[in-house]
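Structure file final14.pdb with PDB, C-alpha atoms, pLDDT in the B column:
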ATOM      1  CA  MET Q  17      18.155  -5.870   4.555  1.00 35.00           C
ATOM      2  CA  SER Q  18      16.477  -4.360   1.526  1.00 41.00           C
ATOM      3  CA  PRO Q  19      12.706  -3.797   1.744  1.00 44.00           C
ATOM      4  CA  TRP Q  20      12.421  -5.474  -1.671  1.00 46.00           C
ATOM      5  CA  SER Q  21      14.219  -8.657  -0.710  1.00 46.00           C
ATOM      6  CA  SER Q  22      12.596 -11.913   0.196  1.00 44.00           C
ATOM      7  CA  THR Q  23      13.840 -14.310   2.848  1.00 43.00           C
ATOM      8  CA  ALA Q  24      13.416 -18.056   2.770  1.00 42.00           C
ATOM      9  CA  SER Q  25      12.175 -18.163   6.371  1.00 43.00           C
ATOM     10  CA  SER Q  26       9.255 -15.785   5.703  1.00 43.00           C
ATOM     11  CA  PRO Q  27       8.425 -15.612   1.988  1.00 47.00           C
ATOM     12  CA  LYS Q  28       5.057 -13.907   2.584  1.00 69.00           C
ATOM     13  CA  ARG Q  29       6.378 -11.049   4.707  1.00 82.00           C
ATOM     14  CA  ARG Q  30       5.155  -7.655   3.508  1.00 86.00           C
ATOM     15  CA  ASP Q  31       7.411  -4.627   3.575  1.00 91.00           C
ATOM     16  CA  LYS Q  32       6.267  -1.234   4.865  1.00 95.00           C
ATOM     17  CA  LEU Q  33       5.873   0.366   1.445  1.00 94.00           C
ATOM     18  CA  TYR Q  34       3.725  -2.552   0.303  1.00 94.00           C
ATOM     19  CA  ILE Q  35       1.457  -2.181   3.348  1.00 96.00           C
ATOM     20  CA  MET Q  36       1.211   1.575   2.836  1.00 97.00           C
ATOM     21  CA  ALA Q  37       0.253   1.041  -0.817  1.00 96.00           C
ATOM     22  CA  GLU Q  38      -2.328  -1.519   0.240  1.00 97.00           C
ATOM     23  CA  VAL Q  39      -3.853   0.886   2.797  1.00 97.00           C
ATOM     24  CA  LEU Q  40      -3.981   3.652   0.171  1.00 98.00           C
ATOM     25  CA  ASP Q  41      -5.625   1.329  -2.340  1.00 97.00           C
ATOM     26  CA  ILE Q  42      -8.268   0.394   0.237  1.00 97.00           C
ATOM     27  CA  ALA Q  43      -8.816   4.033   1.259  1.00 97.00           C
ATOM     28  CA  LYS Q  44      -8.744   5.645  -2.198  1.00 95.00           C
ATOM     29  CA  ASP Q  45     -12.526   6.207  -2.160  1.00 94.00           C
ATOM     30  CA  GLY Q  46     -12.824   6.590   1.620  1.00 96.00           C
ATOM     31  CA  THR Q  47     -13.457   3.818   4.133  1.00 97.00           C
ATOM     32  CA  LEU Q  48     -13.764   3.053   7.816  1.00 97.00           C
ATOM     33  CA  LYS Q  49     -10.801   2.177   9.996  1.00 97.00           C
ATOM     34  CA  THR Q  50     -12.081  -1.335  10.641  1.00 96.00           C
ATOM     35  CA  GLN Q  51     -12.367  -2.023   6.913  1.00 97.00           C
ATOM     36  CA  ILE Q  52      -8.747  -1.005   6.421  1.00 97.00           C
ATOM     37  CA  MET Q  53      -7.717  -3.253   9.299  1.00 97.00           C
ATOM     38  CA  TYR Q  54      -9.565  -6.306   7.957  1.00 97.00           C
ATOM     39  CA  ARG Q  55      -8.787  -5.866   4.256  1.00 97.00           C
ATOM     40  CA  ALA Q  56      -5.085  -5.082   4.862  1.00 96.00           C
ATOM     41  CA  ASN Q  57      -4.866  -7.885   7.442  1.00 96.00           C
ATOM     42  CA  LEU Q  58      -3.303  -5.666  10.121  1.00 96.00           C
ATOM     43  CA  SER Q  59      -3.579  -5.880  13.882  1.00 96.00           C
ATOM     44  CA  PHE Q  60      -5.200  -2.951  15.684  1.00 96.00           C
ATOM     45  CA  THR Q  61      -1.772  -1.794  16.918  1.00 97.00           C
ATOM     46  CA  GLN Q  62      -0.186  -2.042  13.473  1.00 97.00           C
ATOM     47  CA  LEU Q  63      -3.128  -0.236  11.902  1.00 97.00           C
ATOM     48  CA  ASN Q  64      -2.894   2.660  14.330  1.00 97.00           C
ATOM     49  CA  GLU Q  65       0.846   3.013  13.717  1.00 97.00           C
ATOM     50  CA  TYR Q  66       0.408   3.064   9.922  1.00 98.00           C
ATOM     51  CA  LEU Q  67      -2.557   5.446  10.058  1.00 98.00           C
ATOM     52  CA  ALA Q  68      -0.757   7.862  12.381  1.00 97.00           C
ATOM     53  CA  PHE Q  69       2.309   7.899  10.144  1.00 98.00           C
ATOM     54  CA  MET Q  70       0.316   8.232   6.921  1.00 98.00           C
ATOM     55  CA  LEU Q  71      -1.815  11.040   8.372  1.00 98.00           C
ATOM     56  CA  LYS Q  72       1.319  12.827   9.595  1.00 98.00           C
ATOM     57  CA  ILE Q  73       2.928  12.806   6.142  1.00 97.00           C
ATOM     58  CA  ARG Q  74      -0.434  13.591   4.520  1.00 98.00           C
ATOM     59  CA  LEU Q  75      -0.920  10.436   2.481  1.00 98.00           C
ATOM     60  CA  LEU Q  76      -4.302  10.020   4.195  1.00 98.00           C
ATOM     61  CA  GLN Q  77      -6.924  12.401   5.504  1.00 98.00           C
ATOM     62  CA  THR Q  78      -9.865  11.881   7.821  1.00 97.00           C
ATOM     63  CA  LEU Q  79     -13.380  12.985   7.000  1.00 96.00           C
ATOM     64  CA  ASP Q  80     -16.461  13.025   9.211  1.00 95.00           C
ATOM     65  CA  GLN Q  81     -19.448  11.370   7.541  1.00 93.00           C
ATOM     66  CA  ASN Q  82     -22.568  10.647   9.552  1.00 92.00           C
ATOM     67  CA  ARG Q  83     -20.545  10.931  12.780  1.00 94.00           C
ATOM     68  CA  LYS Q  84     -18.114   8.271  11.552  1.00 95.00           C
ATOM     69  CA  GLU Q  85     -14.432   8.847  10.890  1.00 96.00           C
ATOM     70  CA  ILE Q  86     -13.629   8.000   7.277  1.00 97.00           C
ATOM     71  CA  TYR Q  87     -10.064   7.575   6.024  1.00 98.00           C
ATOM     72  CA  LYS Q  88      -9.409   8.688   2.478  1.00 98.00           C
ATOM     73  CA  ALA Q  89      -6.259   8.866   0.369  1.00 98.00           C
ATOM     74  CA  THR Q  90      -5.107  12.402  -0.435  1.00 97.00           C
ATOM     75  CA  GLU Q  91      -3.772  13.527  -3.806  1.00 97.00           C
ATOM     76  CA  LYS Q  92      -0.290  12.967  -2.392  1.00 97.00           C
ATOM     77  CA  GLY Q  93      -1.357   9.470  -1.312  1.00 97.00           C
ATOM     78  CA  LEU Q  94      -2.752   8.668  -4.758  1.00 97.00           C
ATOM     79  CA  ASP Q  95       0.481   9.954  -6.293  1.00 97.00           C
ATOM     80  CA  PHE Q  96       2.456   7.659  -3.948  1.00 97.00           C
ATOM     81  CA  LEU Q  97       0.245   4.721  -4.941  1.00 96.00           C
ATOM     82  CA  GLN Q  98       0.712   5.391  -8.660  1.00 96.00           C
ATOM     83  CA  ARG Q  99       4.494   5.708  -8.297  1.00 95.00           C
ATOM     84  CA  TYR Q 100       4.605   2.549  -6.184  1.00 94.00           C
ATOM     85  CA  ARG Q 101       2.771   0.681  -8.930  1.00 93.00           C
ATOM     86  CA  GLU Q 102       5.149   2.031 -11.587  1.00 92.00           C
ATOM     87  CA  ILE Q 103       8.238   1.010  -9.621  1.00 91.00           C
ATOM     88  CA  SER Q 104       6.727  -2.399  -8.908  1.00 88.00           C
ATOM     89  CA  GLU Q 105       5.968  -2.850 -12.598  1.00 88.00           C
ATOM     90  CA  LEU Q 106       9.547  -1.875 -13.456  1.00 87.00           C
ATOM     91  CA  LEU Q 107      10.867  -4.431 -10.970  1.00 84.00           C
ATOM     92  CA  LYS Q 108       8.489  -7.030 -12.366  1.00 79.00           C
ATOM     93  CA  THR Q 109       9.869  -6.439 -15.868  1.00 63.00           C
ATOM     94  CA  GLU Q 110      13.441  -6.640 -14.576  1.00 53.00           C
ATOM     95  CA  ASN Q 111      12.595  -9.827 -12.700  1.00 49.00           C
ATOM     96  CA  GLU Q 112      11.148 -11.438 -15.820  1.00 59.00           C
ATOM     97  CA  ASP Q 113      14.175 -10.411 -17.918  1.00 53.00           C
ATOM     98  CA  ASN Q 114      16.824 -11.527 -15.439  1.00 50.00           C
ATOM     99  CA  GLY Q 115      15.193 -14.580 -13.908  1.00 49.00           C
ATOM    100  CA  LYS Q 116      14.650 -14.977 -10.183  1.00 55.00           C
ATOM    101  CA  ASN Q 117      16.601 -12.350  -8.285  1.00 56.00           C
ATOM    102  CA  GLY Q 118      14.833 -12.341  -4.938  1.00 62.00           C
ATOM    103  CA  VAL Q 119      12.675  -9.288  -5.660  1.00 62.00           C
ATOM    104  CA  LYS Q 120       9.165  -9.432  -4.224  1.00 68.00           C
ATOM    105  CA  ILE Q 121       6.487  -8.419  -6.701  1.00 70.00           C
ATOM    106  CA  PRO Q 122       3.255  -6.939  -5.300  1.00 73.00           C
ATOM    107  CA  PRO Q 123       0.010  -8.765  -6.019  1.00 72.00           C
ATOM    108  CA  PRO Q 124      -1.914  -7.853  -9.184  1.00 71.00           C
ATOM    109  CA  HIS Q 125      -4.600  -5.827  -7.364  1.00 74.00           C
ATOM    110  CA  LEU Q 126      -1.952  -3.208  -6.534  1.00 73.00           C
ATOM    111  CA  LEU Q 127      -0.660  -3.157 -10.105  1.00 71.00           C
ATOM    112  CA  ASN Q 128      -3.783  -3.423 -12.255  1.00 65.00           C
ATOM    113  CA  LYS Q 129      -4.860   0.223 -12.298  1.00 59.00           C
ATOM    114  CA  LYS Q 130      -2.059   1.807 -14.262  1.00 53.00           C
ATOM    115  CA  ASN Q 131      -2.420   5.553 -14.841  1.00 47.00           C
ATOM    116  CA  GLN Q 132      -5.845   5.700 -13.213  1.00 51.00           C
ATOM    117  CA  PHE Q 133      -4.986   8.891 -11.304  1.00 50.00           C
ATOM    118  CA  TYR Q 134      -3.651  10.940 -14.207  1.00 44.00           C
TER     119      TYR Q 134
END

Can you give me the file's structure in the form of structure tokens?
Amino acid sequence: MSPWSSTASSPKRRDKLYIMAEVLDIAKDGTLKTQIMYRANLSFTQLNEYLAFMLKIRLLQTLDQNRKEIYKATEKGLDFLQRYREISELLKTENEDNGKNGVKIPPPHLLNKKNQFY
């Protein structure tokens, strides 16, 4: 199954790239782990899996501020977020031109900051 497809049984299901983009958007200025968990609507287990993966591939970094661990998007993470938005915008345009084709379009808050990192 394509990560961009939508199924009738779970129309609100988020794919992994969408969740990663959402985490990066939340962490672009630096934030606490609990804030990421609540704002991205992830369970503690899911959050830890995403954070571990994103730290491993260097989309996120951790900083120590006032003895608290802060998660912040790296340049690579911001680049990923920008490219994700561009691809999503391209798919949105294709979807509008061709009618409904089953492609999930990310919510506006992940699309509204075009070219903010360049």

Check your understanding: To one decimal place, how far is atom CA of Leu75 of chain Q from atom CA of Leu48 of chain Q in Å?
Key ->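 Between atom CA of Leu75 of chain Q and atom CA of Leu48 of chain Q the gap is 15.7 Å.
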
Point to revise | Q:Ala68, Q:Leu58, Q:Leu76, Q:Ile103 ranked by distance to Glu91 of chain Q, top pick (using all atoms listed in the file) | key: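 Closest to Glu91 of chain Q, using all atoms listed in the file: Q:Leu76.
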
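We find atom CA of Glu105 of chain Q and atom CA of Leu127 of chain Q to be spaced 7.1 Å apart.
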
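Reported to one decimal place, the separation of atom CA of Ile35 of chain Q from atom CA of Glu85 of chain Q is 20.8 Å.
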
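Proximity to Leu71 of chain Q was assessed for Q:Gln98, Q:Thr47, Q:Asn57, Q:Thr90 counting all atoms listed in the file; the smallest distance is recorded for Q:Thr90.
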
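Omitting Gly46 of chain Q and its sequence neighbours fewer than 6 positions away, and counting only C-alpha atoms, the residues within 8 Å are Q:Ile86, Q:Tyr87, Q:Lys88, Q:Ala89.
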
Let me see the file: selected residues, C-alpha atoms, as a PDB file, keeping the file's coordinate frame.
ATOM      1  CA  ILE Q  86     -13.629   8.000   7.277  1.00 97.00           C
ATOM      2  CA  TYR Q  87     -10.064   7.575   6.024  1.00 98.00           C
ATOM      3  CA  LYS Q  88      -9.409   8.688   2.478  1.00 98.00           C
ATOM      4  CA  ALA Q  89      -6.259   8.866   0.369  1.00 98.00           C
TER       5      ALA Q  89
END

3 Å per side around segment 48-55 of chain Q: axis-aligned box centre and edge lengths, as JSON:
{"center_x": -10.7, "center_y": -1.6, "center_z": 7.4, "size_x": 12.0, "size_y": 15.4, "size_z": 12.4}

What residues come out when you apply the PyMOL selection byres ((chain Q and resi 122) around 10) to this file, written as a PDB file with C-alpha atoms, keeping the file's coordinate frame?
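Writing done, so here's selection.pdb:
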ATOM      1  CA  TRP Q  20      12.421  -5.474  -1.671  1.00 46.00           C
ATOM      2  CA  ARG Q  30       5.155  -7.655   3.508  1.00 86.00           C
ATOM      3  CA  TYR Q  34       3.725  -2.552   0.303  1.00 94.00           C
ATOM      4  CA  ALA Q  37       0.253   1.041  -0.817  1.00 96.00           C
ATOM      5  CA  GLU Q  38      -2.328  -1.519   0.240  1.00 97.00           C
ATOM      6  CA  TYR Q 100       4.605   2.549  -6.184  1.00 94.00           C
ATOM      7  CA  ARG Q 101       2.771   0.681  -8.930  1.00 93.00           C
ATOM      8  CA  SER Q 104       6.727  -2.399  -8.908  1.00 88.00           C
ATOM      9  CA  GLU Q 105       5.968  -2.850 -12.598  1.00 88.00           C
ATOM     10  CA  LEU Q 107      10.867  -4.431 -10.970  1.00 84.00           C
ATOM     11  CA  LYS Q 108       8.489  -7.030 -12.366  1.00 79.00           C
ATOM     12  CA  VAL Q 119      12.675  -9.288  -5.660  1.00 62.00           C
ATOM     13  CA  LYS Q 120       9.165  -9.432  -4.224  1.00 68.00           C
ATOM     14  CA  ILE Q 121       6.487  -8.419  -6.701  1.00 70.00           C
ATOM     15  CA  PRO Q 123       0.010  -8.765  -6.019  1.00 72.00           C
ATOM     16  CA  PRO Q 124      -1.914  -7.853  -9.184  1.00 71.00           C
ATOM     17  CA  HIS Q 125      -4.600  -5.827  -7.364  1.00 74.00           C
ATOM     18  CA  LEU Q 126      -1.952  -3.208  -6.534  1.00 73.00           C
ATOM     19  CA  LEU Q 127      -0.660  -3.157 -10.105  1.00 71.00           C
TER      20      LEU Q 127
END

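Between Phe96 of chain Q and the residues Q:Asp31, Q:Arg55, Q:Lys44, Q:Phe60, the shortest atom-to-atom distance, using only C-alpha atoms, involves Q:Lys44.
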
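Contact shell of Gln62 of chain Q at 12 Å (only C-alpha atoms; same-chain neighbours under 3 positions omitted): Lys32, Ile35, Met36, Val39, Lys49, Ile52, Met53, Tyr54, Ala56, Asn57, Leu58, Ser59, Glu65, Tyr66, Leu67, Ala68 and Phe69 of chain Q.
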
Review point. Nearest to Thr50 of chain Q: which of Q:Leu63, Q:Glu102, Q:Leu33, Q:Lys72 is it, counting all atoms listed in the file?
Key: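 Ranked by minimum distance to Thr50 of chain Q, first place goes to Q:Leu63.
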
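Between Asp41 of chain Q and the candidates Q:Asn64, Q:Asp95, Q:Lys84, Q:Thr78, the tightest atom-to-atom separation, counting all atoms listed in the file, involves Q:Asp95.
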
As a PDB file, in the coordinates of the input, please: segment 37-57 of chain Q completed to N, CA and C atoms.
ATOM      1  N   ALA Q  37       0.951   1.046   0.469  1.00 96.00           N
ATOM      2  CA  ALA Q  37       0.253   1.041  -0.817  1.00 96.00           C
ATOM      3  C   ALA Q  37      -1.081   0.315  -0.697  1.00 96.00           C
ATOM      4  N   GLU Q  38      -1.094  -0.770   0.048  1.00 97.00           N
ATOM      5  CA  GLU Q  38      -2.328  -1.519   0.240  1.00 97.00           C
ATOM      6  C   GLU Q  38      -3.373  -0.678   0.990  1.00 97.00           C
ATOM      7  N   VAL Q  39      -2.944   0.016   2.032  1.00 97.00           N
ATOM      8  CA  VAL Q  39      -3.853   0.886   2.797  1.00 97.00           C
ATOM      9  C   VAL Q  39      -4.400   1.991   1.886  1.00 97.00           C
ATOM     10  N   LEU Q  40      -3.539   2.591   1.083  1.00 98.00           N
ATOM     11  CA  LEU Q  40      -3.981   3.652   0.171  1.00 98.00           C
ATOM     12  C   LEU Q  40      -4.967   3.119  -0.867  1.00 98.00           C
ATOM     13  N   ASP Q  41      -4.712   1.923  -1.370  1.00 97.00           N
ATOM     14  CA  ASP Q  41      -5.625   1.329  -2.340  1.00 97.00           C
ATOM     15  C   ASP Q  41      -6.998   1.096  -1.706  1.00 97.00           C
ATOM     16  N   ILE Q  42      -7.019   0.637  -0.480  1.00 97.00           N
ATOM     17  CA  ILE Q  42      -8.268   0.394   0.237  1.00 97.00           C
ATOM     18  C   ILE Q  42      -8.991   1.712   0.513  1.00 97.00           C
ATOM     19  N   ALA Q  43      -8.232   2.759   0.842  1.00 97.00           N
ATOM     20  CA  ALA Q  43      -8.816   4.033   1.259  1.00 97.00           C
ATOM     21  C   ALA Q  43      -8.952   5.051   0.121  1.00 97.00           C
ATOM     22  N   LYS Q  44      -8.730   4.654  -1.109  1.00 95.00           N
ATOM     23  CA  LYS Q  44      -8.744   5.645  -2.198  1.00 95.00           C
ATOM     24  C   LYS Q  44     -10.106   6.320  -2.362  1.00 95.00           C
ATOM     25  N   ASP Q  45     -11.188   5.622  -2.052  1.00 94.00           N
ATOM     26  CA  ASP Q  45     -12.526   6.207  -2.160  1.00 94.00           C
ATOM     27  C   ASP Q  45     -13.118   6.558  -0.795  1.00 94.00           C
ATOM     28  N   GLY Q  46     -12.357   6.323   0.267  1.00 96.00           N
ATOM     29  CA  GLY Q  46     -12.824   6.590   1.620  1.00 96.00           C
ATOM     30  C   GLY Q  46     -13.408   5.334   2.244  1.00 96.00           C
ATOM     31  N   THR Q  47     -12.971   5.018   3.448  1.00 97.00           N
ATOM     32  CA  THR Q  47     -13.457   3.818   4.133  1.00 97.00           C
ATOM     33  C   THR Q  47     -13.245   3.944   5.642  1.00 97.00           C
ATOM     34  N   LEU Q  48     -13.894   3.076   6.357  1.00 97.00           N
ATOM     35  CA  LEU Q  48     -13.764   3.053   7.816  1.00 97.00           C
ATOM     36  C   LEU Q  48     -12.461   2.381   8.239  1.00 97.00           C
ATOM     37  N   LYS Q  49     -12.028   2.731   9.422  1.00 97.00           N
ATOM     38  CA  LYS Q  49     -10.801   2.177   9.996  1.00 97.00           C
ATOM     39  C   LYS Q  49     -10.857   0.648  10.081  1.00 97.00           C
ATOM     40  N   THR Q  50     -11.982   0.120  10.500  1.00 96.00           N
ATOM     41  CA  THR Q  50     -12.081  -1.335  10.641  1.00 96.00           C
ATOM     42  C   THR Q  50     -11.960  -2.039   9.289  1.00 96.00           C
ATOM     43  N   GLN Q  51     -12.481  -1.417   8.246  1.00 97.00           N
ATOM     44  CA  GLN Q  51     -12.367  -2.023   6.913  1.00 97.00           C
ATOM     45  C   GLN Q  51     -10.918  -2.067   6.452  1.00 97.00           C
ATOM     46  N   ILE Q  52     -10.175  -1.010   6.755  1.00 97.00           N
ATOM     47  CA  ILE Q  52      -8.747  -1.005   6.421  1.00 97.00           C
ATOM     48  C   ILE Q  52      -8.046  -2.123   7.175  1.00 97.00           C
ATOM     49  N   MET Q  53      -8.352  -2.243   8.460  1.00 97.00           N
ATOM     50  CA  MET Q  53      -7.717  -3.253   9.299  1.00 97.00           C
ATOM     51  C   MET Q  53      -7.980  -4.660   8.758  1.00 97.00           C
ATOM     52  N   TYR Q  54      -9.224  -4.969   8.434  1.00 97.00           N
ATOM     53  CA  TYR Q  54      -9.565  -6.306   7.957  1.00 97.00           C
ATOM     54  C   TYR Q  54      -9.023  -6.576   6.559  1.00 97.00           C
ATOM     55  N   ARG Q  55      -9.198  -5.635   5.643  1.00 97.00           N
ATOM     56  CA  ARG Q  55      -8.787  -5.866   4.256  1.00 97.00           C
ATOM     57  C   ARG Q  55      -7.273  -5.875   4.091  1.00 97.00           C
ATOM     58  N   ALA Q  56      -6.548  -5.093   4.929  1.00 96.00           N
ATOM     59  CA  ALA Q  56      -5.085  -5.082   4.862  1.00 96.00           C
ATOM     60  C   ALA Q  56      -4.477  -6.143   5.780  1.00 96.00           C
ATOM     61  N   ASN Q  57      -5.311  -6.835   6.531  1.00 96.00           N
ATOM     62  CA  ASN Q  57      -4.866  -7.885   7.442  1.00 96.00           C
ATOM     63  C   ASN Q  57      -3.817  -7.360   8.435  1.00 96.00           C
TER      64      ASN Q  57
END
